file run03.txt (compact mmCIF, C-alpha atoms and all ligand atoms)
# COMPACT_ATOMS: atom_id res chain seq x y z
CA MET X 1 23.97 21.73 -21.99
CA LYS X 2 24.60 22.92 -25.54
CA LYS X 3 21.58 22.38 -27.79
CA ILE X 4 22.00 20.22 -30.88
CA ALA X 5 20.88 22.01 -34.03
CA LYS X 6 19.56 20.42 -37.20
CA ILE X 7 22.00 19.72 -40.01
CA LYS X 8 22.60 22.59 -42.43
CA GLY X 9 20.29 22.48 -45.45
CA MET X 10 17.82 20.07 -43.81
CA ASN X 11 14.39 21.04 -42.53
CA ASP X 12 11.75 20.02 -40.00
CA PHE X 13 8.15 19.86 -41.14
CA GLU X 14 5.69 20.58 -38.39
CA GLY X 15 2.47 22.50 -37.78
CA GLU X 16 1.10 24.25 -40.87
CA LEU X 17 3.93 22.96 -43.08
CA SER X 18 3.39 19.30 -42.17
CA LEU X 19 -0.36 19.70 -42.80
CA LYS X 20 0.41 21.21 -46.20
CA LEU X 21 2.78 18.33 -46.94
CA SER X 22 0.21 15.63 -46.16
CA ASN X 23 -2.44 17.51 -48.19
CA PHE X 24 0.04 17.75 -51.07
CA ILE X 25 0.84 14.01 -51.04
CA GLU X 26 -2.86 13.10 -50.85
CA THR X 27 -3.95 15.46 -53.64
CA VAL X 28 -1.11 14.62 -56.02
CA SER X 29 -1.32 10.85 -55.36
CA GLN X 30 -5.03 10.88 -56.18
CA ILE X 31 -4.40 12.68 -59.47
CA VAL X 32 -1.60 10.40 -60.67
CA GLN X 33 -3.57 7.28 -59.68
CA LYS X 34 -6.31 8.44 -62.08
CA TYR X 35 -3.67 8.28 -64.82
CA GLY X 36 -2.80 4.69 -63.90
CA TYR X 37 0.29 5.27 -61.72
CA THR X 38 0.86 2.97 -58.73
CA TYR X 39 2.99 3.68 -55.67
CA ILE X 40 6.56 2.40 -55.48
CA LYS X 41 8.93 2.83 -52.56
CA THR X 42 12.62 2.24 -53.09
CA PRO X 43 15.41 2.51 -50.48
CA HIS X 44 16.96 5.85 -49.55
CA VAL X 45 20.38 4.26 -49.93
CA GLU X 46 21.73 2.59 -53.06
CA GLU X 47 25.14 1.58 -54.42
CA THR X 48 27.03 4.70 -55.49
CA ALA X 49 27.67 2.99 -58.85
CA LEU X 50 23.94 3.21 -59.64
CA TYR X 51 24.07 7.01 -59.78
CA LYS X 52 27.47 7.14 -61.48
CA ARG X 53 26.11 5.00 -64.32
CA SER X 54 22.73 6.68 -64.65
CA VAL X 55 22.88 10.33 -63.66
CA GLY X 56 26.43 10.43 -65.08
CA ASP X 57 29.98 10.87 -63.81
CA SER X 58 30.30 14.34 -65.25
CA SER X 59 27.05 15.73 -63.83
CA ASP X 60 27.22 18.10 -60.84
CA VAL X 61 24.88 15.77 -58.93
CA VAL X 62 27.40 12.90 -59.07
CA ASN X 63 30.60 14.89 -59.29
CA LYS X 64 30.07 17.39 -56.51
CA GLU X 65 26.89 16.68 -54.59
CA MET X 66 26.70 13.02 -53.60
CA TYR X 67 26.35 11.96 -49.97
CA ASN X 68 28.37 8.78 -50.46
CA PHE X 69 30.33 6.79 -47.91
CA ILE X 70 31.85 3.38 -47.24
CA ASP X 71 29.67 1.37 -44.85
CA LYS X 72 30.86 -1.16 -42.24
CA GLY X 73 30.83 -3.91 -44.90
CA GLU X 74 33.17 -1.84 -47.15
CA ASN X 75 30.33 -1.10 -49.61
CA ASP X 76 30.43 2.22 -51.46
CA ILE X 77 26.89 3.48 -50.89
CA CYS X 78 25.06 6.74 -51.33
CA LEU X 79 22.00 8.60 -50.05
CA ARG X 80 19.81 8.87 -53.14
CA PRO X 81 20.24 12.22 -54.95
CA GLU X 82 17.14 11.53 -57.09
CA GLY X 83 14.45 8.88 -57.54
CA THR X 84 14.61 7.71 -61.16
CA ALA X 85 17.72 5.50 -60.93
CA GLY X 86 16.34 3.51 -57.98
CA VAL X 87 13.00 2.96 -59.70
CA VAL X 88 14.78 1.77 -62.87
CA ARG X 89 16.95 -0.59 -60.79
CA SER X 90 13.82 -2.03 -59.17
CA TYR X 91 12.04 -2.40 -62.56
CA ILE X 92 15.01 -4.39 -63.88
CA GLU X 93 15.41 -6.49 -60.71
CA SER X 94 11.72 -7.44 -60.90
CA GLY X 95 12.38 -8.74 -64.43
CA TYR X 96 9.76 -6.47 -66.02
CA ASP X 97 12.22 -5.39 -68.73
CA LYS X 98 12.36 -9.04 -69.95
CA GLN X 99 8.58 -9.17 -70.32
CA ASN X 100 8.50 -5.73 -71.95
CA ASN X 101 6.08 -4.85 -69.18
CA LYS X 102 4.33 -1.49 -69.21
CA LYS X 103 4.55 0.05 -65.74
CA ARG X 104 3.61 3.43 -64.39
CA TYR X 105 5.01 4.23 -60.95
CA TYR X 106 4.85 7.17 -58.60
CA TYR X 107 7.00 7.83 -55.56
CA TYR X 108 7.75 10.55 -53.07
CA GLY X 109 10.31 11.10 -50.38
CA GLU X 110 13.61 12.60 -49.34
CA MET X 111 16.51 13.11 -51.75
CA TYR X 112 20.01 14.28 -50.77
CA ARG X 113 22.40 16.58 -52.59
CA TYR X 114 25.37 18.33 -51.01
CA GLU X 115 24.55 21.70 -52.58
CA ARG X 116 25.10 25.20 -51.17
CA PRO X 117 21.86 25.71 -49.22
CA GLN X 118 19.68 28.75 -49.97
CA LYS X 119 15.95 29.49 -50.18
CA GLY X 120 14.41 26.68 -52.24
CA ARG X 121 17.66 24.68 -52.37
CA TYR X 122 18.31 22.19 -49.61
CA ARG X 123 20.63 19.27 -48.86
CA GLU X 124 17.69 17.10 -47.88
CA PHE X 125 14.66 17.87 -50.02
CA LEU X 126 11.47 16.15 -51.07
CA GLN X 127 10.44 15.05 -54.52
CA PHE X 128 7.24 13.61 -55.95
CA GLY X 129 8.00 11.75 -59.15
CA CYS X 130 6.41 9.57 -61.83
CA GLU X 131 8.12 7.11 -64.15
CA SER X 132 6.42 5.41 -67.09
CA PHE X 133 8.11 2.33 -68.64
CA GLY X 134 7.41 0.50 -71.89
CA SER X 135 5.91 3.23 -74.05
CA GLY X 136 7.86 5.10 -76.71
CA SER X 137 4.77 6.88 -77.95
CA SER X 138 4.81 10.66 -77.98
CA TYR X 139 1.23 10.36 -76.65
CA GLU X 140 2.79 9.16 -73.39
CA ASP X 141 4.99 12.30 -73.26
CA THR X 142 2.00 14.55 -73.84
CA THR X 143 -0.19 12.76 -71.29
CA MET X 144 2.54 13.24 -68.71
CA LEU X 145 2.62 16.97 -69.42
CA VAL X 146 -1.19 17.14 -69.20
CA MET X 147 -0.99 15.34 -65.84
CA VAL X 148 1.62 17.75 -64.42
CA CYS X 149 -0.52 20.71 -65.56
CA GLU X 150 -3.53 19.16 -63.77
CA ILE X 151 -1.45 18.74 -60.59
CA LEU X 152 -0.14 22.31 -60.58
CA ASP X 153 -3.57 23.74 -61.46
CA SER X 154 -5.20 21.79 -58.64
CA LEU X 155 -2.60 23.17 -56.20
CA GLY X 156 -3.32 26.70 -57.45
CA ILE X 157 0.26 27.20 -58.68
CA SER X 158 1.01 29.22 -61.81
CA TYR X 159 3.90 28.11 -63.99
CA THR X 160 5.62 28.28 -67.34
CA LEU X 161 6.13 25.03 -69.23
CA GLU X 162 9.50 25.01 -71.01
CA LEU X 163 10.23 22.34 -73.60
CA ASN X 164 13.14 21.22 -75.73
CA SER X 165 14.24 18.21 -77.74
CA ILE X 166 17.85 17.09 -77.35
CA GLY X 167 17.84 14.06 -79.70
CA ASP X 168 19.45 10.71 -78.91
CA SER X 169 22.98 10.14 -77.63
CA ALA X 170 24.47 9.26 -81.06
CA PHE X 171 23.05 12.51 -82.43
CA ARG X 172 24.42 14.47 -79.46
CA THR X 173 27.89 12.95 -79.89
CA ASN X 174 27.94 14.09 -83.52
CA TYR X 175 26.57 17.50 -82.59
CA ILE X 176 29.23 17.94 -79.90
CA ASN X 177 32.09 16.83 -82.15
CA ASP X 178 31.00 18.61 -85.32
CA ILE X 179 29.37 21.79 -84.04
CA LEU X 180 29.69 22.57 -80.33
CA LYS X 181 33.31 21.68 -79.49
CA PRO X 182 34.82 23.50 -82.48
CA PHE X 183 32.67 26.54 -81.55
CA LEU X 184 33.83 26.42 -77.90
CA VAL X 185 37.47 26.11 -78.94
CA GLU X 186 37.07 29.11 -81.23
CA ASN X 187 35.43 31.15 -78.44
CA ILE X 188 37.51 29.83 -75.54
CA ASP X 189 38.68 33.31 -74.48
CA HIS X 190 35.11 34.58 -74.17
CA ILE X 191 33.64 31.91 -71.88
CA CYS X 192 33.87 31.47 -68.09
CA SER X 193 36.13 28.97 -66.34
CA ASP X 194 33.19 26.64 -65.55
CA CYS X 195 32.29 26.48 -69.24
CA LYS X 196 35.95 25.81 -70.09
CA THR X 197 35.75 22.75 -67.82
CA ARG X 198 32.36 21.74 -69.26
CA LYS X 199 33.89 21.82 -72.77
CA ASP X 200 35.91 18.75 -71.78
CA THR X 201 33.56 17.00 -69.34
CA ASN X 202 29.99 17.59 -70.55
CA PRO X 203 29.90 20.18 -73.35
CA ILE X 204 26.13 20.55 -73.78
CA ARG X 205 25.87 21.72 -70.17
CA VAL X 206 27.41 25.03 -71.28
CA PHE X 207 23.86 26.04 -72.31
CA ASP X 208 22.87 25.92 -68.63
CA CYS X 209 25.50 28.51 -67.65
CA LYS X 210 24.04 31.34 -65.56
CA ASN X 211 26.73 33.76 -66.75
CA SER X 212 25.11 36.31 -69.10
CA SER X 213 28.30 36.95 -71.09
CA CYS X 214 28.55 33.21 -71.83
CA GLN X 215 24.90 33.21 -72.92
CA GLU X 216 25.71 36.10 -75.32
CA VAL X 217 28.42 33.91 -76.88
CA TYR X 218 26.12 30.84 -77.17
CA LYS X 219 23.54 32.87 -79.12
CA LYS X 220 25.85 32.42 -82.11
CA VAL X 221 26.02 28.61 -82.15
CA THR X 222 23.47 26.28 -83.81
CA LYS X 223 21.42 24.73 -81.01
CA LEU X 224 20.66 20.99 -80.60
CA THR X 225 17.01 21.69 -81.42
CA ASP X 226 17.95 23.25 -84.75
CA ALA X 227 20.30 20.43 -85.69
CA LEU X 228 17.84 17.54 -85.06
CA ASP X 229 17.31 14.98 -87.82
CA SER X 230 13.98 15.12 -89.64
CA SER X 231 12.25 12.31 -87.71
CA SER X 232 13.21 13.73 -84.27
CA LYS X 233 12.12 17.16 -85.46
CA LEU X 234 8.78 15.76 -86.64
CA GLU X 235 8.22 13.96 -83.34
CA PHE X 236 8.90 17.15 -81.36
CA GLU X 237 6.55 19.12 -83.61
CA THR X 238 3.86 16.46 -83.15
CA ILE X 239 4.08 16.91 -79.37
CA LEU X 240 3.86 20.69 -79.73
CA LYS X 241 0.83 20.48 -82.05
CA ARG X 242 -0.93 18.12 -79.64
CA LEU X 243 -0.29 20.54 -76.76
CA ASP X 244 -1.70 23.35 -78.92
CA ARG X 245 -4.87 21.31 -79.52
CA LEU X 246 -5.18 20.71 -75.77
CA ASN X 247 -4.71 24.45 -75.09
CA ILE X 248 -1.58 23.83 -73.04
CA ARG X 249 0.72 26.81 -73.26
CA TYR X 250 4.48 26.32 -73.44
CA ILE X 251 7.66 27.99 -74.57
CA ILE X 252 10.47 26.31 -76.48
CA ASN X 253 13.71 26.83 -74.57
CA LYS X 254 16.59 25.78 -76.81
CA ASN X 255 19.02 26.13 -73.88
CA LEU X 256 17.16 23.53 -71.83
CA VAL X 257 19.47 20.50 -71.61
CA ARG X 258 18.80 19.24 -68.01
CA GLY X 259 21.51 18.45 -65.50
CA LEU X 260 21.29 14.65 -65.53
CA ASP X 261 22.86 12.62 -68.31
CA TYR X 262 20.16 10.03 -69.04
CA TYR X 263 17.76 12.08 -71.16
CA ASN X 264 17.00 11.92 -74.86
CA SER X 265 14.45 13.59 -77.15
CA LEU X 266 11.84 15.48 -75.10
CA VAL X 267 13.03 17.36 -72.00
CA PHE X 268 10.87 19.73 -70.00
CA GLU X 269 10.73 21.95 -66.95
CA PHE X 270 7.89 23.76 -65.22
CA THR X 271 9.25 27.03 -63.86
CA THR X 272 8.13 30.03 -61.84
CA ASP X 273 9.65 33.46 -61.28
CA GLU X 274 8.13 33.68 -57.80
CA LEU X 275 10.98 31.82 -56.06
CA GLY X 276 14.04 33.80 -57.14
CA ALA X 277 17.00 31.76 -58.36
CA GLN X 278 15.47 28.35 -57.53
CA GLY X 279 12.54 28.64 -59.93
CA THR X 280 12.42 25.13 -61.37
CA LEU X 281 9.42 23.34 -59.90
CA VAL X 282 9.36 20.21 -62.06
CA GLY X 283 11.95 18.59 -64.28
CA GLY X 284 11.72 15.58 -66.53
CA GLY X 285 11.88 14.03 -69.94
CA ARG X 286 12.34 10.89 -71.94
CA TYR X 287 15.13 8.45 -71.02
CA ASP X 288 14.92 5.56 -73.48
CA SER X 289 18.47 4.22 -72.89
CA LEU X 290 18.60 4.17 -69.10
CA VAL X 291 17.12 0.69 -68.58
CA SER X 292 19.75 -0.82 -70.89
CA THR X 293 22.55 1.36 -69.42
CA LEU X 294 21.72 -0.21 -66.06
CA GLY X 295 21.87 -3.74 -67.48
CA GLY X 296 18.23 -4.36 -68.45
CA ASN X 297 16.60 -5.08 -71.80
CA SER X 298 16.08 -1.93 -73.81
CA THR X 299 12.86 -0.29 -72.55
CA GLN X 300 11.57 3.14 -73.46
CA ALA X 301 10.68 5.42 -70.56
CA VAL X 302 9.64 8.92 -69.63
CA GLY X 303 9.28 10.61 -66.26
CA PHE X 304 9.45 13.69 -64.11
CA ALA X 305 9.99 14.79 -60.53
CA MET X 306 8.63 17.84 -58.75
CA GLY X 307 10.36 19.64 -55.90
CA ILE X 308 7.88 19.44 -53.03
CA ASP X 309 9.68 21.99 -50.81
CA ARG X 310 9.43 24.61 -53.56
CA LEU X 311 5.79 23.81 -54.36
CA LEU X 312 4.79 24.04 -50.68
CA GLN X 313 6.28 27.54 -50.58
CA LEU X 314 3.94 28.55 -53.39
CA MET X 315 0.83 26.85 -52.04
CA GLU X 316 -1.57 29.11 -50.17
CA ASP X 317 -1.83 28.55 -46.43
CA GLY X 318 -5.29 27.03 -46.62
CA CYS X 319 -4.76 23.99 -44.49
CA ASN X 320 -5.37 25.54 -41.11
CA ALA X 321 -9.15 25.31 -41.44
CA ARG X 322 -10.83 24.28 -38.21
CA ASP X 323 -11.73 20.62 -37.96
CA GLY X 324 -12.39 17.83 -35.43
CA ILE X 325 -13.92 17.79 -31.99
CA TYR X 326 -12.38 18.60 -28.61
CA PHE X 327 -13.79 16.85 -25.52
CA GLY X 328 -13.13 18.12 -22.03
CA CYS X 329 -14.43 17.20 -18.58
CA LEU X 330 -15.38 19.58 -15.79
CA ASP X 331 -14.85 17.02 -13.03
CA SER X 332 -12.80 13.83 -12.84
CA ASP X 333 -15.89 11.59 -12.53
CA ALA X 334 -16.90 12.58 -16.05
CA LEU X 335 -13.60 11.46 -17.65
CA GLU X 336 -14.15 7.68 -17.59
CA PRO X 337 -17.65 7.65 -19.18
CA ILE X 338 -16.51 10.14 -21.87
CA TYR X 339 -13.39 8.07 -22.55
CA ASP X 340 -15.34 4.79 -22.81
CA THR X 341 -17.95 6.24 -25.18
CA ILE X 342 -15.38 7.87 -27.47
CA TYR X 343 -12.99 4.94 -27.75
CA SER X 344 -15.54 2.13 -27.96
CA ASN X 345 -16.80 3.67 -31.20
CA LYS X 346 -15.02 4.31 -34.51
CA GLN X 347 -14.22 8.04 -34.83
CA GLU X 348 -16.15 9.88 -37.52
CA ILE X 349 -13.88 12.96 -37.34
CA LYS X 350 -10.60 13.95 -35.66
CA THR X 351 -11.18 13.56 -31.92
CA TYR X 352 -9.18 14.87 -28.97
CA LEU X 353 -9.89 14.23 -25.29
CA GLU X 354 -8.24 16.41 -22.64
CA TYR X 355 -7.68 14.17 -19.61
CA LYS X 356 -7.34 16.97 -17.07
CA PRO X 357 -10.56 18.45 -15.59
CA LYS X 358 -10.57 22.23 -16.16
CA SER X 359 -13.00 25.14 -16.12
CA HIS X 360 -15.31 25.70 -19.10
CA THR X 361 -13.40 28.84 -20.15
CA LYS X 362 -10.01 27.09 -20.05
CA HIS X 363 -11.29 24.17 -22.17
CA ILE X 364 -12.79 26.54 -24.77
CA SER X 365 -9.56 28.48 -24.96
CA THR X 366 -7.47 25.29 -25.51
CA ALA X 367 -9.90 23.96 -28.15
CA ASP X 368 -9.67 27.32 -29.90
CA LYS X 369 -5.86 27.34 -29.85
CA LEU X 370 -5.73 23.78 -31.19
CA ASN X 371 -8.01 24.88 -34.04
CA PHE X 372 -10.88 22.48 -33.39
CA LYS X 373 -14.22 23.06 -35.07
CA TYR X 374 -16.36 21.54 -32.32
CA CYS X 375 -16.02 21.59 -28.57
CA CYS X 376 -17.90 19.41 -26.07
CA ILE X 377 -17.40 20.10 -22.37
CA VAL X 378 -19.14 17.73 -20.02
CA SER X 379 -19.67 17.29 -16.28
CA SER X 380 -20.79 14.07 -14.57
CA ASP X 381 -24.14 15.81 -13.91
CA ASP X 382 -24.55 16.50 -17.67
CA ILE X 383 -24.05 12.79 -18.39
CA THR X 384 -26.65 11.80 -15.77
CA ALA X 385 -29.08 14.42 -17.11
CA SER X 386 -28.50 13.35 -20.77
CA ASN X 387 -27.56 16.94 -21.55
CA ILE X 388 -24.51 16.92 -23.85
CA ARG X 389 -23.84 20.28 -25.49
CA VAL X 390 -21.60 20.63 -28.56
CA LYS X 391 -20.43 24.08 -29.60
CA ASN X 392 -19.39 24.87 -33.19
CA LEU X 393 -16.42 27.20 -32.65
CA LEU X 394 -16.77 28.64 -36.14
CA THR X 395 -20.45 29.60 -36.08
CA LYS X 396 -20.79 29.69 -32.26
CA ASP X 397 -23.99 27.58 -32.64
CA GLU X 398 -24.72 25.04 -29.92
CA GLN X 399 -26.52 21.68 -30.32
CA THR X 400 -27.75 19.45 -27.50
CA TYR X 401 -27.66 15.64 -27.59
CA SER X 402 -28.81 13.00 -25.11
CA SER X 403 -25.43 11.19 -25.19
CA ILE X 404 -21.96 11.51 -26.68
CA SER X 405 -22.60 8.65 -29.11
CA GLU X 406 -25.60 10.60 -30.52
CA ILE X 407 -23.41 13.56 -31.64
CA ARG X 408 -23.71 14.27 -35.39
CA TYR X 409 -21.47 16.50 -37.54
CA ASP X 410 -22.38 18.60 -40.62
P1 LIG X 501 15.89 17.31 -61.13
O1 LIG X 501 15.61 18.41 -62.11
O2 LIG X 501 17.28 17.13 -60.69
O3 LIG X 501 15.33 15.99 -61.82
O4 LIG X 501 14.98 17.51 -59.85
C1 LIG X 501 13.56 17.65 -59.98
C2 LIG X 501 13.08 18.77 -59.07
O5 LIG X 501 13.51 18.57 -57.73
C3 LIG X 501 13.65 20.13 -59.43
O6 LIG X 501 12.91 20.70 -60.49
C4 LIG X 501 13.46 20.90 -58.13
O7 LIG X 501 12.13 21.38 -58.03
C5 LIG X 501 13.68 19.83 -57.08
N1 LIG X 501 15.04 19.93 -56.52
C6 LIG X 501 16.20 19.50 -57.06
N2 LIG X 501 17.24 19.78 -56.25
C7 LIG X 501 16.73 20.40 -55.17
C8 LIG X 501 17.28 20.93 -53.95
N3 LIG X 501 18.59 20.87 -53.69
N4 LIG X 501 16.44 21.51 -53.05
C9 LIG X 501 15.11 21.59 -53.29
N5 LIG X 501 14.52 21.09 -54.41
C10 LIG X 501 15.31 20.50 -55.33
C11 LIG X 501 15.39 14.75 -61.23
O8 LIG X 501 15.69 14.54 -60.08
C12 LIG X 501 14.94 13.66 -62.16
N6 LIG X 501 15.05 12.38 -61.45
C13 LIG X 501 13.54 13.90 -62.68
C14 LIG X 501 13.04 12.82 -63.58
C15 LIG X 501 12.24 11.81 -63.23
N7 LIG X 501 13.36 12.69 -64.84
C16 LIG X 501 12.77 11.60 -65.32
N8 LIG X 501 12.10 11.05 -64.35

call {"tool": "encode", "arguments": {"input": "run03.txt", "output": "structure tokens"}}
result
Amino acid sequence: MKKIAKIKGMNDFEGELSLKLSNFIETVSQIVQKYGYTYIKTPHVEETALYKRSVGDSSDVVNKEMYNFIDKGENDICLRPEGTAGVVRSYIESGYDKQNNKKRYYYYGEMYRYERPQKGRYREFLQFGCESFGSGSSYEDTTMLVMVCEILDSLGISYTLELNSIGDSAFRTNYINDILKPFLVENIDHICSDCKTRKDTNPIRVFDCKNSSCQEVYKKVTKLTDALDSSSKLEFETILKRLDRLNIRYIINKNLVRGLDYYNSLVFEFTTDELGAQGTLVGGGRYDSLVSTLGGNSTQAVGFAMGIDRLLQLMEDGCNARDGIYFGCLDSDALEPIYDTIYSNKQEIKTYLEYKPKSHTKHISTADKLNFKYCCIVSSDDITASNIRVKNLLTKDEQTYSSISEIRYD
């Protein structure tokens, strides 16, 4: 029979990788909880309209990459391409926008984008994200950056923090009409076909173009950052000064505009050059209009999401440390008393019982392969003689106990 392969751009997590993933979720969850974030889980499937209205019709994510389909009830639905829109929908549906409720949420899970798969870019990928609602203070922006730095530092990942300020949507409309579009029209013969399309659909995305000759052309235009009004400029500078005081290093990237339409003011990315073309590890920013765009009362918000697949590639393989205890019996009469003692007590550490009687050497070899730290191989005579030996497979030390329930671990 022909084997069925996994779907292109989607990955299994098993063995070392699945251990790394659970360590990642545990470590990062603990850090964000310290900053007051609580877990939220939203569905993997939402109405397609949610993403069209939030991420934006002209973005690549909505325009080219959505996994949308009509379900049996004729509903136009979509596998979530990102987490923010669903969390905002939930915030509004819970009525928190009406109470001007401050909420800090974190989430993690699969996202889906029909992109061309390559190393670090998948069609099903994992994100860990945080969304903070109800604070317009630039302190909230800075705290979020401090938190992401703490996460990446604790995972042992080095990064560059790139920042920009893109102003609000009224400012961007004026900038596009007065500065950018006239410039693009004037330089139309010197830009690539993608940028020609962007000129009409989403002009500020031209700054994201990977084409170096386009980037040469854009060096000549006044950037959003340089056209900001004085209060936006002051707010951005305040954030930068605060980061300086906290010794957080960053670079200002005036080409950073982000690929999703809902942002305003501060936008940021944490990048690495260790992953080739897919070097963005974390992306986020302020999105003060999204709650009202999705029908809620105006609520200021800021958030980020990190690409777990990419971060796991950068994390050291440190999760395969030996742990737990392996029990094996030398004769079938020993199995029942071992079983009863193990499972009538709460396990202190990871515990595995091999049901099949085997020789001492075979048990040790299996325990070793399964990466256990301790190994306890028992015969019915050992149980009668109260002679239970536990071997530490790391140090090769052996300890003797009078019964299995007496075993202690260091
Ligand atoms: P994003 O920049 O589209 O932002 O995605 C965040 C991160 O997800 C990226 O920096 C990258 O690490 C990872 N990522 C994106 N696409 C892929 C892919 N195809 N394969 C592997 N990893 C990928 C958002 O999604 C926003 N919702 C972030 C946010 C939250 N902004 C405010 N709150």

call {"tool": "residues_near_ligand", "arguments": {"input": "run03.txt", "ligand": "ligand LIG 501 (chain X)", "cutoff": "7 Å", "atoms": "all atoms listed in the file", "output": "PyMOL selection string"}}
result
chain X and resi 82-84+113+115+120-127+129-131+258-260+269+280-287+302-310

call {"tool": "closest_residue", "arguments": {"input": "run03.txt", "among": "X:Lys52, X:Lys233, X:His360, X:Lys20", "to": "Cys375 in chain X", "atoms": "only C-alpha atoms"}}
result
X:His360

call {"tool": "atom_distance", "arguments": {"input": "run03.txt", "atom1": "CA of Lys358 in chain X", "atom2": "CA of Asp331 in chain X"}}
result
7.4 Å

call {"tool": "residues_around", "arguments": {"input": "run03.txt", "residues": "range 209-224 of chain X", "least_positions_apart": "2", "cutoff": "8 Å", "atoms": "all atoms listed in the file", "output": "number ranges by chain"}}
result
X: 165-167, 172, 175, 179-180, 183, 187, 190-192, 195, 205-207, 226-228, 254-255

call {"tool": "closest_residue", "arguments": {"input": "run03.txt", "among": "X:Glu110, X:Asp288, X:Asp194, X:Glu186", "to": "Val88 in chain X", "atoms": "only C-alpha atoms"}}
result
X:Asp288
